[in-house]
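Below is model_32.cif, which holds mmCIF, C-alpha atoms.
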```cif
data_structure
loop_
_atom_site.group_PDB
_atom_site.id
_atom_site.type_symbol
_atom_site.label_atom_id
_atom_site.label_comp_id
_atom_site.auth_asym_id
_atom_site.auth_seq_id
_atom_site.Cartn_x
_atom_site.Cartn_y
_atom_site.Cartn_z
ATOM 1 C CA ASP A 234 0.000 0.000 0.000
ATOM 2 C CA ALA A 235 1.231 3.481 -0.805
ATOM 3 C CA LYS A 236 2.213 5.447 2.303
ATOM 4 C CA THR A 237 2.023 9.108 3.186
ATOM 5 C CA THR A 238 4.518 11.249 5.080
ATOM 6 C CA GLN A 239 3.507 14.350 6.987
ATOM 7 C CA PRO A 240 5.336 16.636 9.407
ATOM 8 C CA ASN A 241 4.551 15.840 13.031
ATOM 9 C CA SER A 242 3.510 19.364 13.891
ATOM 10 C CA MET A 243 3.050 22.850 12.485
ATOM 11 C CA GLU A 244 2.181 26.215 13.932
ATOM 12 C CA SER A 245 0.222 29.068 12.459
ATOM 13 C CA ASN A 246 -1.035 32.458 13.497
ATOM 14 C CA GLU A 247 -4.728 33.074 13.493
ATOM 15 C CA GLU A 248 -6.180 34.557 10.315
ATOM 16 C CA GLU A 249 -3.141 33.566 8.269
ATOM 17 C CA PRO A 250 -3.114 30.881 5.564
ATOM 18 C CA VAL A 251 -1.788 27.443 6.448
ATOM 19 C CA HIS A 252 -0.204 25.006 4.030
ATOM 20 C CA LEU A 253 -0.103 21.432 5.296
ATOM 21 C CA PRO A 254 2.139 19.215 3.160
ATOM 22 C CA CYS A 255 1.876 15.508 2.448
ATOM 23 C CA ASN A 256 4.328 13.345 0.526
ATOM 24 C CA HIS A 257 3.097 10.214 -1.213
ATOM 25 C CA SER A 258 5.888 9.305 -3.602
ATOM 26 C CA THR A 259 4.609 5.745 -4.210
ATOM 27 C CA ILE A 260 1.077 6.818 -5.078
ATOM 28 C CA SER A 261 -0.621 4.761 -7.771
ATOM 29 C CA GLY A 262 -2.746 6.078 -10.584
ATOM 30 C CA THR A 263 -5.959 4.949 -8.910
ATOM 31 C CA ASP A 264 -5.225 6.411 -5.452
ATOM 32 C CA TYR A 265 -7.473 9.230 -4.312
ATOM 33 C CA ILE A 266 -5.919 11.671 -1.835
ATOM 34 C CA HIS A 267 -8.154 12.244 1.169
ATOM 35 C CA TRP A 268 -7.722 14.648 4.072
ATOM 36 C CA TYR A 269 -9.379 14.312 7.444
ATOM 37 C CA ARG A 270 -8.919 16.236 10.639
ATOM 38 C CA GLN A 271 -9.559 15.363 14.254
ATOM 39 C CA LEU A 272 -10.330 18.127 16.693
ATOM 40 C CA PRO A 273 -9.648 17.482 20.386
ATOM 41 C CA SER A 274 -12.139 15.043 21.913
ATOM 42 C CA GLN A 275 -13.975 14.527 18.626
ATOM 43 C CA GLY A 276 -14.155 11.963 15.841
ATOM 44 C CA PRO A 277 -12.267 12.435 12.587
ATOM 45 C CA GLU A 278 -13.929 14.824 10.175
ATOM 46 C CA TYR A 279 -13.737 14.608 6.377
ATOM 47 C CA VAL A 280 -12.124 17.711 4.902
ATOM 48 C CA ILE A 281 -11.546 17.195 1.183
ATOM 49 C CA HIS A 282 -10.371 14.713 -1.430
ATOM 50 C CA GLY A 283 -8.999 14.762 -4.970
ATOM 51 C CA LEU A 284 -7.488 12.601 -7.680
ATOM 52 C CA THR A 285 -5.486 14.777 -10.067
ATOM 53 C CA SER A 286 -6.877 18.296 -10.177
ATOM 54 C CA ASN A 287 -6.847 20.880 -7.428
ATOM 55 C CA VAL A 288 -10.064 20.962 -5.421
ATOM 56 C CA ASN A 289 -11.832 23.612 -3.369
ATOM 57 C CA ASN A 290 -14.659 23.368 -0.886
ATOM 58 C CA ARG A 291 -16.004 25.488 1.938
ATOM 59 C CA MET A 292 -13.461 24.120 4.411
ATOM 60 C CA ALA A 293 -10.201 24.081 2.469
ATOM 61 C CA SER A 294 -8.362 23.728 -0.825
ATOM 62 C CA LEU A 295 -6.321 20.770 -1.985
ATOM 63 C CA ALA A 296 -3.376 21.373 -4.266
ATOM 64 C CA ILE A 297 -2.028 18.260 -5.970
ATOM 65 C CA ALA A 298 1.406 18.239 -7.586
ATOM 66 C CA GLU A 299 1.503 17.511 -11.278
ATOM 67 C CA ASP A 300 3.302 14.199 -10.709
ATOM 68 C CA ARG A 301 0.884 13.480 -7.786
ATOM 69 C CA LYS A 302 3.759 12.567 -5.497
ATOM 70 C CA SER A 303 2.801 15.269 -3.044
ATOM 71 C CA SER A 304 -0.185 17.361 -2.082
ATOM 72 C CA THR A 305 -0.924 20.350 0.120
ATOM 73 C CA LEU A 306 -3.986 21.091 2.176
ATOM 74 C CA ILE A 307 -4.583 24.830 2.325
ATOM 75 C CA LEU A 308 -6.592 26.504 5.046
ATOM 76 C CA HIS A 309 -7.083 30.021 3.735
ATOM 77 C CA ARG A 310 -7.527 31.770 7.080
ATOM 78 C CA ALA A 311 -6.730 29.672 10.115
ATOM 79 C CA THR A 312 -8.849 30.122 13.205
ATOM 80 C CA LEU A 313 -8.429 28.722 16.691
ATOM 81 C CA ARG A 314 -11.104 26.173 15.790
ATOM 82 C CA ASP A 315 -8.813 24.753 13.110
ATOM 83 C CA ALA A 316 -6.361 23.470 15.735
ATOM 84 C CA ALA A 317 -6.468 19.717 15.157
ATOM 85 C CA VAL A 318 -4.549 16.706 13.873
ATOM 86 C CA TYR A 319 -4.710 16.587 10.075
ATOM 87 C CA TYR A 320 -4.421 13.249 8.301
ATOM 88 C CA CYS A 321 -3.509 12.700 4.662
ATOM 89 C CA ILE A 322 -4.766 9.294 3.470
ATOM 90 C CA LEU A 323 -4.635 7.462 0.148
ATOM 91 C CA LYS A 324 -7.648 5.446 -0.890
ATOM 92 C CA ASN A 325 -8.210 3.250 -3.937
ATOM 93 C CA THR A 326 -10.633 0.540 -4.959
ATOM 94 C CA GLY A 327 -8.500 -2.140 -3.335
ATOM 95 C CA THR A 328 -8.195 -0.338 0.003
ATOM 96 C CA ALA A 329 -11.536 1.454 -0.063
ATOM 97 C CA SER A 330 -12.939 -0.764 2.678
ATOM 98 C CA LYS A 331 -10.931 1.191 5.254
ATOM 99 C CA LEU A 332 -9.004 4.358 5.939
ATOM 100 C CA THR A 333 -5.424 3.822 7.073
ATOM 101 C CA PHE A 334 -4.592 6.666 9.438
ATOM 102 C CA GLY A 335 -0.969 7.623 9.997
ATOM 103 C CA THR A 336 0.231 9.929 12.751
ATOM 104 C CA GLY A 337 -0.869 13.093 10.954
ATOM 105 C CA THR A 338 0.187 16.699 11.507
ATOM 106 C CA ARG A 339 -0.789 18.433 14.723
ATOM 107 C CA LEU A 340 -1.654 22.032 13.830
ATOM 108 C CA GLN A 341 -1.388 24.670 16.530
ATOM 109 C CA VAL A 342 -3.052 28.008 15.900
ATOM 110 C CA THR A 343 -2.091 30.950 18.045
ATOM 111 C CA LEU A 344 -3.478 34.455 18.436
ATOM 112 C CA GLU B 287 -28.986 16.924 10.603
ATOM 113 C CA ALA B 288 -26.955 14.224 8.845
ATOM 114 C CA GLN B 289 -24.994 12.384 11.472
ATOM 115 C CA VAL B 290 -23.582 9.212 12.960
ATOM 116 C CA THR B 291 -24.777 8.704 16.519
ATOM 117 C CA GLN B 292 -22.929 6.532 18.995
ATOM 118 C CA ASN B 293 -24.085 5.557 22.453
ATOM 119 C CA PRO B 294 -22.963 5.709 25.132
ATOM 120 C CA ARG B 295 -20.299 8.439 25.012
ATOM 121 C CA TYR B 296 -18.599 7.085 28.128
ATOM 122 C CA LEU B 297 -18.721 3.607 29.645
ATOM 123 C CA ILE B 298 -16.899 1.993 32.529
ATOM 124 C CA THR B 299 -17.423 -1.736 32.912
ATOM 125 C CA VAL B 300 -15.879 -4.782 34.537
ATOM 126 C CA THR B 301 -13.962 -7.565 32.875
ATOM 127 C CA GLY B 302 -16.217 -10.192 31.357
ATOM 128 C CA LYS B 303 -19.491 -8.277 31.432
ATOM 129 C CA LYS B 304 -20.999 -8.249 27.946
ATOM 130 C CA LEU B 305 -21.669 -4.844 26.461
ATOM 131 C CA THR B 306 -22.929 -3.294 23.252
ATOM 132 C CA VAL B 307 -21.999 0.068 21.797
ATOM 133 C CA THR B 308 -24.642 1.285 19.396
ATOM 134 C CA CYS B 309 -24.083 3.162 16.162
ATOM 135 C CA SER B 310 -26.796 4.639 13.985
ATOM 136 C CA GLN B 311 -26.677 6.803 10.860
ATOM 137 C CA ASN B 312 -29.491 8.750 9.223
ATOM 138 C CA MET B 313 -27.946 9.214 5.770
ATOM 139 C CA ASN B 314 -29.007 5.929 4.139
ATOM 140 C CA HIS B 315 -25.326 4.976 3.868
ATOM 141 C CA GLU B 316 -24.448 1.505 2.661
ATOM 142 C CA TYR B 317 -21.011 1.303 4.255
ATOM 143 C CA MET B 318 -20.327 1.359 7.998
ATOM 144 C CA SER B 319 -17.228 0.653 10.042
ATOM 145 C CA TRP B 320 -15.803 0.599 13.556
ATOM 146 C CA TYR B 321 -12.393 1.958 14.599
ATOM 147 C CA ARG B 322 -10.530 2.076 17.861
ATOM 148 C CA GLN B 323 -8.012 4.765 18.750
ATOM 149 C CA ASP B 324 -5.157 4.173 21.169
ATOM 150 C CA PRO B 325 -2.222 6.418 22.096
ATOM 151 C CA GLY B 326 0.787 5.635 19.947
ATOM 152 C CA LEU B 327 -1.187 3.245 17.733
ATOM 153 C CA GLY B 328 -3.534 5.669 16.044
ATOM 154 C CA LEU B 329 -6.863 4.670 14.541
ATOM 155 C CA ARG B 330 -7.289 1.024 13.567
ATOM 156 C CA GLN B 331 -10.252 -0.619 11.893
ATOM 157 C CA ILE B 332 -12.098 -3.341 13.831
ATOM 158 C CA TYR B 333 -14.927 -4.411 11.502
ATOM 159 C CA TYR B 334 -16.731 -3.033 8.508
ATOM 160 C CA SER B 335 -19.946 -3.666 6.619
ATOM 161 C CA MET B 336 -20.545 -3.070 2.921
ATOM 162 C CA ASN B 337 -24.316 -3.409 3.281
ATOM 163 C CA VAL B 338 -27.056 -5.122 5.256
ATOM 164 C CA GLU B 339 -26.069 -8.636 6.362
ATOM 165 C CA VAL B 340 -22.539 -8.175 4.925
ATOM 166 C CA THR B 341 -19.748 -7.738 7.482
ATOM 167 C CA ASP B 342 -16.016 -8.358 7.405
ATOM 168 C CA LYS B 343 -13.010 -8.180 9.693
ATOM 169 C CA GLY B 344 -10.725 -5.205 9.800
ATOM 170 C CA ASP B 345 -7.223 -5.099 11.238
ATOM 171 C CA VAL B 346 -8.034 -5.777 14.908
ATOM 172 C CA PRO B 347 -11.253 -7.859 15.108
ATOM 173 C CA GLU B 348 -10.293 -10.158 18.014
ATOM 174 C CA GLY B 349 -12.688 -9.886 20.948
ATOM 175 C CA TYR B 350 -15.375 -8.020 18.992
ATOM 176 C CA LYS B 351 -18.549 -8.896 17.137
ATOM 177 C CA VAL B 352 -20.790 -6.817 14.912
ATOM 178 C CA SER B 353 -24.109 -7.203 13.182
ATOM 179 C CA ARG B 354 -25.865 -5.353 10.359
ATOM 180 C CA LYS B 355 -29.501 -6.323 10.410
ATOM 181 C CA GLU B 356 -30.704 -2.903 9.277
ATOM 182 C CA LYS B 357 -29.034 -0.370 7.059
ATOM 183 C CA ARG B 358 -28.965 2.389 9.668
ATOM 184 C CA ASN B 359 -27.550 0.420 12.639
ATOM 185 C CA PHE B 360 -24.168 -1.225 13.188
ATOM 186 C CA PRO B 361 -23.691 -2.215 16.839
ATOM 187 C CA LEU B 362 -20.318 -3.248 18.248
ATOM 188 C CA ILE B 363 -20.534 -6.126 20.715
ATOM 189 C CA LEU B 364 -17.928 -7.085 23.276
ATOM 190 C CA GLU B 365 -18.971 -10.505 24.566
ATOM 191 C CA SER B 366 -16.346 -10.674 27.313
ATOM 192 C CA PRO B 367 -14.519 -7.358 27.604
ATOM 193 C CA SER B 368 -10.941 -7.311 28.847
ATOM 194 C CA PRO B 369 -8.760 -4.407 30.023
ATOM 195 C CA ASN B 370 -6.875 -4.338 26.708
ATOM 196 C CA GLN B 371 -10.123 -3.264 25.060
ATOM 197 C CA THR B 372 -10.023 -0.018 27.005
ATOM 198 C CA SER B 373 -9.979 2.470 24.174
ATOM 199 C CA LEU B 374 -11.739 5.255 22.301
ATOM 200 C CA TYR B 375 -14.120 3.827 19.716
ATOM 201 C CA PHE B 376 -15.454 5.509 16.591
ATOM 202 C CA CYS B 377 -18.166 4.435 14.202
ATOM 203 C CA ALA B 378 -18.060 5.700 10.625
ATOM 204 C CA SER B 379 -20.328 5.531 7.604
ATOM 205 C CA SER B 380 -20.147 6.326 3.922
ATOM 206 C CA LEU B 381 -22.598 6.311 1.034
ATOM 207 C CA THR B 382 -20.499 3.599 -0.592
ATOM 208 C CA ASN B 383 -17.008 2.177 -0.118
ATOM 209 C CA ARG B 384 -15.819 3.620 -3.422
ATOM 210 C CA PRO B 385 -12.563 5.573 -3.054
ATOM 211 C CA ASN B 386 -14.041 8.910 -4.143
ATOM 212 C CA TYR B 387 -16.413 9.110 -1.181
ATOM 213 C CA GLY B 388 -15.616 10.376 2.287
ATOM 214 C CA TYR B 389 -16.599 8.965 5.647
ATOM 215 C CA THR B 390 -18.709 10.538 8.390
ATOM 216 C CA PHE B 391 -17.570 9.665 11.901
ATOM 217 C CA GLY B 392 -19.443 9.594 15.169
ATOM 218 C CA SER B 393 -18.319 11.519 18.240
ATOM 219 C CA GLY B 394 -16.777 8.491 19.902
ATOM 220 C CA THR B 395 -17.307 6.160 22.846
ATOM 221 C CA ARG B 396 -14.682 6.115 25.552
ATOM 222 C CA LEU B 397 -14.665 2.625 27.066
ATOM 223 C CA THR B 398 -12.826 1.658 30.222
ATOM 224 C CA VAL B 399 -12.673 -2.000 31.254
ATOM 225 C CA VAL B 400 -11.498 -2.611 34.817
#
```
Whole structure given in structure tokens:
Amino acid sequence: DAKTTQPNSMESNEEEPVHLPCNHSTISGTDYIHWYRQLPSQGPEYVIHGLTSNVNNRMASLAIAEDRKSSTLILHRATLRDAAVYYCILKNTGTASKLTFGTGTRLQVTL
Amino acid sequence: EAQVTQNPRYLITVTGKKLTVTCSQNMNHEYMSWYRQDPGLGLRQIYYSMNVEVTDKGDVPEGYKVSRKEKRNFPLILESPSPNQTSLYFCASSLTNRPNYGYTFGSGTRLTVV
């Protein structure tokens, strides 16, 4: 299974953009890139997913490198409520029966 | 509101006393799954269900049972709980198990077995 690598932690100031990187150099052509986040004392929350093109939704944007070996989750204006662990997960037809969570990136947002 | 509801949120029980953690979703999702989360081990899948009457083992199924008699419900059963099943449990659902669909998770059940 293709793996993802994320930094253990990142910090951001409130109201500034945050770029959360994810490396997936062994990604296959059928792997979708999913992002979830887990706020303290809550269940994981779906954020966004994409295959090849960049994606936007109300929560975030996903920028996917042209060779798909890396991606970046962009929070356009971080708030204190965005402090969470962010997980980058690959999902394809063969692995679609589960999400394999790594250790993720713990995002701290300060005033 | 579209959601996955787990009950109870907190449970303390004794070794060997059978318990059930309920999970219900109101989104007509076909796929449902149970995860446990432990410090240092992250989230690991216990069981999943592709549809009614179809269940399968995940990565850590030992000591657990599930059933899927109705589409909306997917209870997790611990027939004889042991202290190593002390954990934070999450139920999740998805419209299908196709890779271009996301999951909705419940708020979690914190189980302590003494």
Set the distance at 10 Å and use only C-alpha atoms: which residues neighbour B:Tyr333 once local chain neighbours fewer than 6 positions away are removed? I'd like the list as a list in words.
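Counting only C-alpha atoms, the residues come to Ser330 and Lys331 of chain A; Met318, Ser319, Trp320, Tyr321, Thr341, Asp342, Lys343, Gly344, Asp345, Val346, Pro347, Glu348, Tyr350, Lys351, Val352, Ser353, Phe360, Leu362 and Cys377 of chain B.
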Write the residues you've just listed into a file as an mmCIF file, keeping the file's coordinate frame, and include C-alpha atoms for each of them.
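Resulting contents of part.cif:
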```
data_model
loop_
_atom_site.group_PDB
_atom_site.id
_atom_site.type_symbol
_atom_site.label_atom_id
_atom_site.label_comp_id
_atom_site.auth_asym_id
_atom_site.auth_seq_id
_atom_site.Cartn_x
_atom_site.Cartn_y
_atom_site.Cartn_z
ATOM 1 C CA SER A 330 -12.939 -0.764 2.678
ATOM 2 C CA LYS A 331 -10.931 1.191 5.254
ATOM 3 C CA MET B 318 -20.327 1.359 7.998
ATOM 4 C CA SER B 319 -17.228 0.653 10.042
ATOM 5 C CA TRP B 320 -15.803 0.599 13.556
ATOM 6 C CA TYR B 321 -12.393 1.958 14.599
ATOM 7 C CA THR B 341 -19.748 -7.738 7.482
ATOM 8 C CA ASP B 342 -16.016 -8.358 7.405
ATOM 9 C CA LYS B 343 -13.010 -8.180 9.693
ATOM 10 C CA GLY B 344 -10.725 -5.205 9.800
ATOM 11 C CA ASP B 345 -7.223 -5.099 11.238
ATOM 12 C CA VAL B 346 -8.034 -5.777 14.908
ATOM 13 C CA PRO B 347 -11.253 -7.859 15.108
ATOM 14 C CA GLU B 348 -10.293 -10.158 18.014
ATOM 15 C CA TYR B 350 -15.375 -8.020 18.992
ATOM 16 C CA LYS B 351 -18.549 -8.896 17.137
ATOM 17 C CA VAL B 352 -20.790 -6.817 14.912
ATOM 18 C CA SER B 353 -24.109 -7.203 13.182
ATOM 19 C CA PHE B 360 -24.168 -1.225 13.188
ATOM 20 C CA LEU B 362 -20.318 -3.248 18.248
ATOM 21 C CA CYS B 377 -18.166 4.435 14.202
#
```
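Residue membership of the PyMOL selection byres ((chain A and resi 280-290) around 9) in the shown file amounts to Gly262, Thr263, Asp264, Tyr265, Ile266, His267, Trp268, Tyr269, Arg270, Glu278, Tyr279, Arg291, Met292, Ala293, Ser294, Leu295, Ala296, Ile297, Ala298, Glu299, Asp300, Arg301 and Leu306 of chain A; Asn386, Tyr387 and Gly388 of chain B.
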Could you tell me which residues the PyMOL selection byres ((chain A) within 6 of (chain B)) returns for this structure, as a count of residues only?
8
Given the PyMOL selection byres ((chain A and resi 246-252) around 6), the residues it picks as a PyMOL selection string
chain A and resi 245+253+306-312+342-344
Between B:Val338, B:Val399, B:Ala288, B:Val300, which has the minimum distance to B:Arg358 (counting all atoms listed in the file)?
B:Val338
So, counting all atoms listed in the file, which residue among B:Ile363, B:Pro325, B:Val340, B:Asn293 is closest to B:Thr306?
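Of B:Ile363, B:Pro325, B:Val340, B:Asn293, the one nearest B:Thr306, counting all atoms listed in the file, is B:Ile363.
For the set A:Ala316, A:Leu272, A:Met243, A:Cys255, the residue with the smallest atom-to-atom gap to A:Gly335 is A:Cys255, counting all atoms listed in the file.
Reported to one decimal place, the separation of atom CA of A:Val318 from atom CA of A:Ile260 is 22.1 Å.
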